[in-house]
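Text of the file structure-v2.txt, holding compact mmCIF, N, CA and C atoms and all ligand atoms:
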```
# COMPACT_ATOMS: atom_id res chain seq x y z
N MET V 1 0.84 -1.18 0.00
CA MET V 1 0.00 0.00 0.00
C MET V 1 0.88 1.23 0.00
N LEU V 2 0.56 2.19 -0.83
CA LEU V 2 1.32 3.41 -0.94
C LEU V 2 0.59 4.52 -0.21
N LEU V 3 1.30 5.22 0.64
CA LEU V 3 0.73 6.32 1.40
C LEU V 3 1.33 7.62 0.90
N THR V 4 0.51 8.53 0.48
CA THR V 4 1.01 9.81 -0.01
C THR V 4 0.54 10.90 0.92
N LEU V 5 1.47 11.71 1.37
CA LEU V 5 1.14 12.84 2.21
C LEU V 5 1.06 14.09 1.35
N LYS V 6 -0.01 14.80 1.47
CA LYS V 6 -0.14 16.05 0.74
C LYS V 6 -0.30 17.17 1.75
N PHE V 7 0.48 18.21 1.60
CA PHE V 7 0.44 19.32 2.53
C PHE V 7 -0.03 20.57 1.81
N ALA V 8 -0.80 21.35 2.51
CA ALA V 8 -1.35 22.56 1.92
C ALA V 8 -0.27 23.57 1.60
N MET V 9 0.77 23.59 2.40
CA MET V 9 1.82 24.57 2.20
C MET V 9 3.17 23.88 2.29
N SER V 10 4.10 24.30 1.48
CA SER V 10 5.42 23.70 1.52
C SER V 10 6.17 24.11 2.78
N THR V 11 5.68 25.12 3.48
CA THR V 11 6.34 25.60 4.69
C THR V 11 5.72 24.97 5.95
N SER V 12 5.06 23.82 5.80
CA SER V 12 4.40 23.20 6.94
C SER V 12 5.39 22.97 8.07
N LYS V 13 4.90 23.12 9.26
CA LYS V 13 5.73 22.94 10.45
C LYS V 13 5.67 21.51 10.90
N TYR V 14 6.71 21.10 11.53
CA TYR V 14 6.75 19.77 12.12
C TYR V 14 6.39 19.90 13.59
N PRO V 15 5.90 18.85 14.21
CA PRO V 15 5.68 17.52 13.66
C PRO V 15 4.44 17.46 12.79
N VAL V 16 4.46 16.47 11.89
CA VAL V 16 3.34 16.20 11.00
C VAL V 16 2.97 14.73 11.17
N ALA V 17 1.72 14.45 11.36
CA ALA V 17 1.27 13.05 11.49
C ALA V 17 1.39 12.36 10.13
N ILE V 18 2.03 11.20 10.14
CA ILE V 18 2.18 10.43 8.91
C ILE V 18 1.08 9.38 8.82
N MET V 19 0.89 8.66 9.91
CA MET V 19 -0.11 7.60 9.89
C MET V 19 -0.41 7.16 11.32
N ALA V 20 -1.48 6.42 11.47
CA ALA V 20 -1.81 5.83 12.77
C ALA V 20 -0.77 4.77 13.12
N ALA V 21 -0.30 4.81 14.34
CA ALA V 21 0.72 3.85 14.77
C ALA V 21 0.23 2.41 14.63
N SER V 22 -1.06 2.21 14.83
CA SER V 22 -1.62 0.86 14.77
C SER V 22 -1.61 0.29 13.35
N ALA V 23 -1.38 1.15 12.35
CA ALA V 23 -1.38 0.69 10.96
C ALA V 23 -0.03 0.12 10.53
N LEU V 24 0.97 0.22 11.42
CA LEU V 24 2.30 -0.29 11.09
C LEU V 24 2.66 -1.40 12.07
N ASP V 25 2.46 -2.62 11.64
CA ASP V 25 2.75 -3.78 12.48
C ASP V 25 4.25 -4.06 12.51
N ASP V 26 4.66 -4.82 13.51
CA ASP V 26 6.06 -5.20 13.62
C ASP V 26 6.48 -5.98 12.36
N GLY V 27 7.64 -5.62 11.83
CA GLY V 27 8.14 -6.28 10.62
C GLY V 27 7.54 -5.74 9.34
N GLN V 28 6.80 -4.64 9.45
CA GLN V 28 6.15 -4.07 8.28
C GLN V 28 6.88 -2.81 7.82
N CYS V 29 6.84 -2.56 6.55
CA CYS V 29 7.47 -1.40 5.93
C CYS V 29 6.40 -0.67 5.12
N GLN V 30 6.34 0.65 5.27
CA GLN V 30 5.33 1.45 4.59
C GLN V 30 6.00 2.62 3.89
N GLU V 31 5.80 2.72 2.60
CA GLU V 31 6.33 3.87 1.87
C GLU V 31 5.43 5.08 2.07
N PHE V 32 6.04 6.25 2.17
CA PHE V 32 5.28 7.49 2.22
C PHE V 32 6.05 8.55 1.44
N HIS V 33 5.35 9.62 1.10
CA HIS V 33 5.98 10.68 0.33
C HIS V 33 5.90 12.01 1.08
N HIS V 34 6.95 12.77 0.97
CA HIS V 34 7.02 14.10 1.57
C HIS V 34 8.05 14.89 0.79
N GLN V 35 7.74 16.15 0.52
CA GLN V 35 8.63 17.02 -0.24
C GLN V 35 9.10 16.33 -1.54
N GLN V 36 8.18 15.71 -2.19
CA GLN V 36 8.41 15.04 -3.48
C GLN V 36 9.51 13.99 -3.42
N GLN V 37 9.68 13.42 -2.23
CA GLN V 37 10.61 12.32 -2.07
C GLN V 37 9.89 11.17 -1.38
N SER V 38 10.49 10.01 -1.50
CA SER V 38 9.92 8.80 -0.93
C SER V 38 10.67 8.43 0.34
N GLY V 39 9.90 8.10 1.37
CA GLY V 39 10.48 7.61 2.61
C GLY V 39 9.91 6.24 2.94
N LEU V 40 10.61 5.53 3.79
CA LEU V 40 10.16 4.22 4.25
C LEU V 40 10.03 4.25 5.76
N LEU V 41 8.82 3.97 6.23
CA LEU V 41 8.59 3.79 7.66
C LEU V 41 8.66 2.30 7.94
N ILE V 42 9.40 1.93 8.96
CA ILE V 42 9.45 0.51 9.33
C ILE V 42 9.21 0.37 10.83
N ARG V 43 8.65 -0.76 11.19
CA ARG V 43 8.58 -1.11 12.62
C ARG V 43 9.40 -2.38 12.78
N TYR V 44 10.41 -2.29 13.63
CA TYR V 44 11.32 -3.40 13.83
C TYR V 44 11.51 -3.61 15.32
N HIS V 45 11.19 -4.79 15.78
CA HIS V 45 11.23 -5.11 17.22
C HIS V 45 10.46 -4.06 18.03
N GLY V 46 9.35 -3.64 17.48
CA GLY V 46 8.44 -2.73 18.18
C GLY V 46 8.73 -1.26 18.00
N GLN V 47 9.91 -0.91 17.52
CA GLN V 47 10.29 0.49 17.38
C GLN V 47 10.12 0.97 15.94
N VAL V 48 9.70 2.22 15.80
CA VAL V 48 9.51 2.79 14.47
C VAL V 48 10.79 3.52 14.05
N HIS V 49 11.20 3.27 12.82
CA HIS V 49 12.35 3.94 12.20
C HIS V 49 11.91 4.41 10.82
N ALA V 50 12.62 5.39 10.29
CA ALA V 50 12.31 5.86 8.93
C ALA V 50 13.60 6.23 8.21
N TYR V 51 13.61 5.93 6.93
CA TYR V 51 14.76 6.23 6.07
C TYR V 51 14.26 6.75 4.74
N LEU V 52 15.08 7.56 4.08
CA LEU V 52 14.77 7.88 2.70
C LEU V 52 14.77 6.59 1.90
N ASN V 53 13.86 6.51 0.95
CA ASN V 53 13.81 5.34 0.07
C ASN V 53 14.82 5.56 -1.06
N ARG V 54 16.07 5.64 -0.66
CA ARG V 54 17.14 5.93 -1.61
C ARG V 54 18.40 5.21 -1.15
N CYS V 55 18.88 4.36 -2.01
CA CYS V 55 20.06 3.56 -1.68
C CYS V 55 21.33 4.41 -1.80
N PRO V 56 22.25 4.26 -0.86
CA PRO V 56 23.51 5.03 -0.96
C PRO V 56 24.40 4.56 -2.11
N HIS V 57 24.09 3.41 -2.70
CA HIS V 57 24.93 2.91 -3.78
C HIS V 57 24.79 3.77 -5.03
N GLN V 58 23.59 3.86 -5.58
CA GLN V 58 23.40 4.62 -6.81
C GLN V 58 22.19 5.55 -6.71
N ALA V 59 21.78 5.87 -5.50
CA ALA V 59 20.68 6.80 -5.25
C ALA V 59 19.38 6.35 -5.92
N LYS V 60 19.21 5.06 -6.09
CA LYS V 60 17.97 4.52 -6.62
C LYS V 60 17.08 4.08 -5.46
N PRO V 61 15.76 3.94 -5.70
CA PRO V 61 14.88 3.49 -4.62
C PRO V 61 15.25 2.08 -4.14
N LEU V 62 15.19 1.89 -2.83
CA LEU V 62 15.37 0.53 -2.31
C LEU V 62 14.26 -0.37 -2.80
N THR V 63 13.06 0.21 -2.85
CA THR V 63 11.89 -0.59 -3.24
C THR V 63 10.91 0.25 -4.02
N ASP V 64 10.25 -0.37 -4.97
CA ASP V 64 9.11 0.22 -5.67
C ASP V 64 7.82 -0.43 -5.21
N THR V 65 7.94 -1.45 -4.39
CA THR V 65 6.76 -2.22 -4.00
C THR V 65 6.24 -1.85 -2.62
N GLY V 66 6.94 -0.97 -1.91
CA GLY V 66 6.47 -0.54 -0.60
C GLY V 66 7.13 -1.24 0.56
N SER V 67 7.76 -2.37 0.34
CA SER V 67 8.46 -3.03 1.44
C SER V 67 9.88 -3.36 1.04
N ALA V 68 10.80 -3.01 1.92
CA ALA V 68 12.21 -3.32 1.67
C ALA V 68 12.70 -4.43 2.59
N PHE V 69 11.83 -4.96 3.44
CA PHE V 69 12.26 -6.03 4.33
C PHE V 69 12.57 -7.31 3.55
N THR V 70 13.57 -8.01 4.01
CA THR V 70 13.83 -9.35 3.48
C THR V 70 12.67 -10.26 3.89
N SER V 71 12.58 -11.41 3.28
CA SER V 71 11.43 -12.29 3.53
C SER V 71 11.31 -12.71 4.99
N ASP V 72 12.43 -12.73 5.71
CA ASP V 72 12.36 -13.10 7.13
C ASP V 72 12.10 -11.90 8.04
N GLY V 73 11.99 -10.70 7.46
CA GLY V 73 11.66 -9.51 8.23
C GLY V 73 12.76 -9.02 9.14
N GLN V 74 13.99 -9.45 8.94
CA GLN V 74 15.08 -9.10 9.84
C GLN V 74 16.03 -8.04 9.28
N LEU V 75 16.03 -7.86 7.98
CA LEU V 75 16.96 -6.92 7.34
C LEU V 75 16.23 -6.17 6.23
N LEU V 76 16.84 -5.07 5.79
CA LEU V 76 16.32 -4.33 4.65
C LEU V 76 17.21 -4.63 3.46
N GLN V 77 16.61 -4.73 2.28
CA GLN V 77 17.38 -5.06 1.09
C GLN V 77 17.00 -4.15 -0.05
N CYS V 78 18.02 -3.66 -0.75
CA CYS V 78 17.79 -2.85 -1.94
C CYS V 78 17.45 -3.78 -3.10
N GLN V 79 16.38 -3.47 -3.80
CA GLN V 79 15.95 -4.32 -4.91
C GLN V 79 16.87 -4.18 -6.13
N GLN V 80 17.69 -3.14 -6.14
CA GLN V 80 18.50 -2.89 -7.35
C GLN V 80 19.67 -3.88 -7.45
N HIS V 81 20.54 -3.87 -6.44
CA HIS V 81 21.73 -4.73 -6.48
C HIS V 81 21.90 -5.51 -5.17
N GLN V 82 20.80 -5.61 -4.41
CA GLN V 82 20.69 -6.47 -3.24
C GLN V 82 21.60 -6.08 -2.07
N ALA V 83 21.96 -4.83 -1.94
CA ALA V 83 22.65 -4.41 -0.72
C ALA V 83 21.75 -4.69 0.48
N ILE V 84 22.36 -5.06 1.60
CA ILE V 84 21.62 -5.40 2.82
C ILE V 84 21.93 -4.37 3.90
N PHE V 85 20.87 -3.91 4.57
CA PHE V 85 20.98 -2.88 5.61
C PHE V 85 20.36 -3.37 6.91
N THR V 86 20.91 -2.91 8.02
CA THR V 86 20.31 -3.24 9.31
C THR V 86 19.14 -2.28 9.58
N PRO V 87 18.00 -2.79 10.02
CA PRO V 87 16.84 -1.93 10.26
C PRO V 87 17.06 -0.91 11.38
N LEU V 88 17.88 -1.24 12.36
CA LEU V 88 18.06 -0.35 13.51
C LEU V 88 18.77 0.95 13.18
N ASN V 89 19.72 0.91 12.27
CA ASN V 89 20.48 2.13 11.99
C ASN V 89 20.74 2.38 10.50
N GLY V 90 20.29 1.49 9.65
CA GLY V 90 20.43 1.69 8.21
C GLY V 90 21.82 1.44 7.66
N HIS V 91 22.69 0.84 8.45
CA HIS V 91 24.04 0.56 7.96
C HIS V 91 24.02 -0.57 6.94
N CYS V 92 24.77 -0.39 5.87
CA CYS V 92 24.89 -1.45 4.87
C CYS V 92 25.94 -2.44 5.37
N ILE V 93 25.53 -3.70 5.49
CA ILE V 93 26.44 -4.72 6.03
C ILE V 93 26.97 -5.65 4.96
N THR V 94 26.34 -5.64 3.78
CA THR V 94 26.88 -6.42 2.67
C THR V 94 26.31 -5.85 1.37
N GLY V 95 27.10 -5.98 0.31
CA GLY V 95 26.67 -5.47 -0.98
C GLY V 95 27.60 -4.38 -1.47
N PRO V 96 27.22 -3.72 -2.56
CA PRO V 96 28.13 -2.77 -3.21
C PRO V 96 28.38 -1.49 -2.43
N CYS V 97 27.59 -1.19 -1.41
CA CYS V 97 27.81 0.04 -0.64
C CYS V 97 28.09 -0.28 0.83
N VAL V 98 28.72 -1.42 1.08
CA VAL V 98 29.02 -1.82 2.46
C VAL V 98 29.77 -0.69 3.17
N GLY V 99 29.37 -0.42 4.41
CA GLY V 99 29.98 0.64 5.20
C GLY V 99 29.23 1.96 5.10
N GLU V 100 28.40 2.13 4.08
CA GLU V 100 27.59 3.35 3.99
C GLU V 100 26.27 3.09 4.71
N GLN V 101 25.41 4.09 4.73
CA GLN V 101 24.15 3.89 5.42
C GLN V 101 23.02 4.66 4.77
N LEU V 102 21.81 4.20 5.05
CA LEU V 102 20.61 4.89 4.59
C LEU V 102 20.49 6.22 5.31
N THR V 103 19.81 7.17 4.69
CA THR V 103 19.59 8.46 5.32
C THR V 103 18.39 8.36 6.25
N SER V 104 18.65 8.62 7.52
CA SER V 104 17.62 8.51 8.55
C SER V 104 16.68 9.71 8.52
N ILE V 105 15.42 9.44 8.78
CA ILE V 105 14.39 10.48 8.90
C ILE V 105 13.89 10.46 10.33
N ALA V 106 13.80 11.65 10.94
CA ALA V 106 13.38 11.74 12.34
C ALA V 106 11.87 11.53 12.45
N VAL V 107 11.48 10.50 13.19
CA VAL V 107 10.07 10.22 13.45
C VAL V 107 9.89 9.89 14.93
N LEU V 108 8.65 10.01 15.38
CA LEU V 108 8.31 9.74 16.78
C LEU V 108 6.94 9.09 16.83
N GLU V 109 6.81 8.09 17.64
CA GLU V 109 5.50 7.48 17.87
C GLU V 109 4.94 8.08 19.15
N GLN V 110 3.80 8.74 19.02
CA GLN V 110 3.23 9.44 20.17
C GLN V 110 1.71 9.54 20.00
N ASP V 111 0.99 9.33 21.07
CA ASP V 111 -0.47 9.46 21.06
C ASP V 111 -1.10 8.69 19.90
N GLU V 112 -0.62 7.48 19.69
CA GLU V 112 -1.16 6.57 18.68
C GLU V 112 -0.94 7.05 17.25
N GLN V 113 -0.02 7.98 17.07
CA GLN V 113 0.32 8.47 15.74
C GLN V 113 1.82 8.31 15.52
N ILE V 114 2.21 8.21 14.26
CA ILE V 114 3.61 8.30 13.89
C ILE V 114 3.81 9.69 13.31
N LEU V 115 4.71 10.45 13.95
CA LEU V 115 4.91 11.84 13.60
C LEU V 115 6.23 12.03 12.88
N LEU V 116 6.20 12.79 11.82
CA LEU V 116 7.40 13.19 11.11
C LEU V 116 7.94 14.45 11.79
N LEU V 117 9.19 14.39 12.25
CA LEU V 117 9.77 15.51 13.01
C LEU V 117 10.61 16.45 12.16
N GLY V 118 10.90 16.05 10.94
CA GLY V 118 11.71 16.87 10.04
C GLY V 118 12.04 16.07 8.81
N TRP V 119 12.83 16.69 7.94
CA TRP V 119 13.18 16.00 6.70
C TRP V 119 14.65 16.24 6.42
N PRO V 120 15.37 15.22 5.98
CA PRO V 120 16.80 15.42 5.72
C PRO V 120 17.03 16.47 4.65
N ARG V 121 18.08 17.25 4.82
CA ARG V 121 18.43 18.24 3.81
C ARG V 121 18.88 17.54 2.54
N GLN V 122 18.65 18.19 1.43
CA GLN V 122 19.09 17.64 0.14
C GLN V 122 20.61 17.57 0.12
N LEU V 123 21.11 16.47 -0.43
CA LEU V 123 22.57 16.31 -0.54
C LEU V 123 23.05 16.76 -1.89
S1 LIG H 1 21.28 0.91 -5.94
FE1 LIG H 1 21.00 -0.23 -4.09
S2 LIG H 1 22.48 -1.79 -4.17
FE2 LIG H 1 22.76 -0.66 -6.00
```
If you took the structure in this file and wrote it as structure tokens, what would it be?
Amino acid sequence: MLLTLKFAMSTSKYPVAIMAASALDDGQCQEFHHQQQSGLLIRYHGQVHAYLNRCPHQAKPLTDTGSAFTSDGQLLQCQQHQAIFTPLNGHCITGPCVGEQLTSIAVLEQDEQILLLGWPRQL
């Protein structure tokens, strides 16, 4: 499922609610859009994390299907050249960009909502 966030103004203040916390089960990955970019919300071992949906290898999307989790739900994998990332911190542990990491997005789970706290600056 693809979730698109539309904001009335490009100068919107944070925090911004992305989705209901109950809609993201453990081991689930949800794509969302903000500032014309794609992000991935994941819940791993109960905690919510978010990363840009952009691989550090060639700046291509990790996933076009909405989920970057491996079939066992323990790691994230880029669909392009199969780089593997740890869900907790986005570090690439194997593949063509080993040692690099996904760009983290600040999120917070509060009052049954997942809140976007900001957006990474363009590189
Ligand atoms: S673009 Fe992700 S591994 Fe190459």
Q: Report as a list of chain:residue names which protein, DNA and RNA residues come within 8 Å of ligand LIG 1 (chain H), using only N, CA and C atoms and all ligand atoms.
A: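 Listed by chain and ascending number, the contacts are V:Arg54, V:Cys55, V:Pro56, V:His57, V:Gln58, V:Ala59, V:Lys60, V:Pro61, V:Leu62, V:Gln77, V:Cys78, V:Gln79, V:Gln80, V:His81, V:Gln82, V:Ala83, V:Ile84, V:Thr94, V:Gly95, V:Pro96, V:Cys97.
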Q | Interatomic distance (Å, one decimal) between CA of Gln28 in chain V and CA of Thr103 in chain V | A | 18.6 Å
Q. Suppose you want the space between atom C of Ala20 in chain V and atom C of Ile114 in chain V; what is it in Å?
A.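 Going from atom C of Ala20 in chain V over to atom C of Ile114 in chain V, I get 6.7 Å.
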Q: Rank V:Leu76, V:Leu40, V:His45, V:Ser71 by their smallest atom-to-atom distance to Ile105 in chain V, using only C-alpha atoms, and report the top residue only.
A: V:Leu40
(Q) My list of candidates is V:His91, V:Leu52, V:Asp111, V:Tyr14. Which is closest to Gly39 in chain V when distances are computed with all atoms listed in the file? (A)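 Residue with the minimum atom-to-atom distance to Gly39 in chain V: V:Leu52.
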Q) For Gln37 in chain V, which of V:Asn53, V:Ile93, V:Gln113, V:Ala23 is the closest residue, counting all atoms listed in the file? A) V:Asn53
Q. What is the distance, in Å and to one decimal place, between atom C of Gly73 in chain V and CA of Ile18 in chain V?
A.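 Separation between atom C of Gly73 in chain V and CA of Ile18 in chain V: 22.1 Å.
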**Q.** Those of chain V in DSSP strand (DSSP E or B), formatted as a PyMOL selection string
**A.** chain V and resi 2-4+16-20+29-34+37-44+47-52+69+76-77+84-85+91-94+101+104+107-110+113-116
Q | Exercise: Val16 in chain V partners within 8 Å, all atoms listed in the file, chain neighbours under 4 positions left out, as JSON, numbers by chain | A | {"V": [12, 113, 114, 115, 116, 117, 118]}
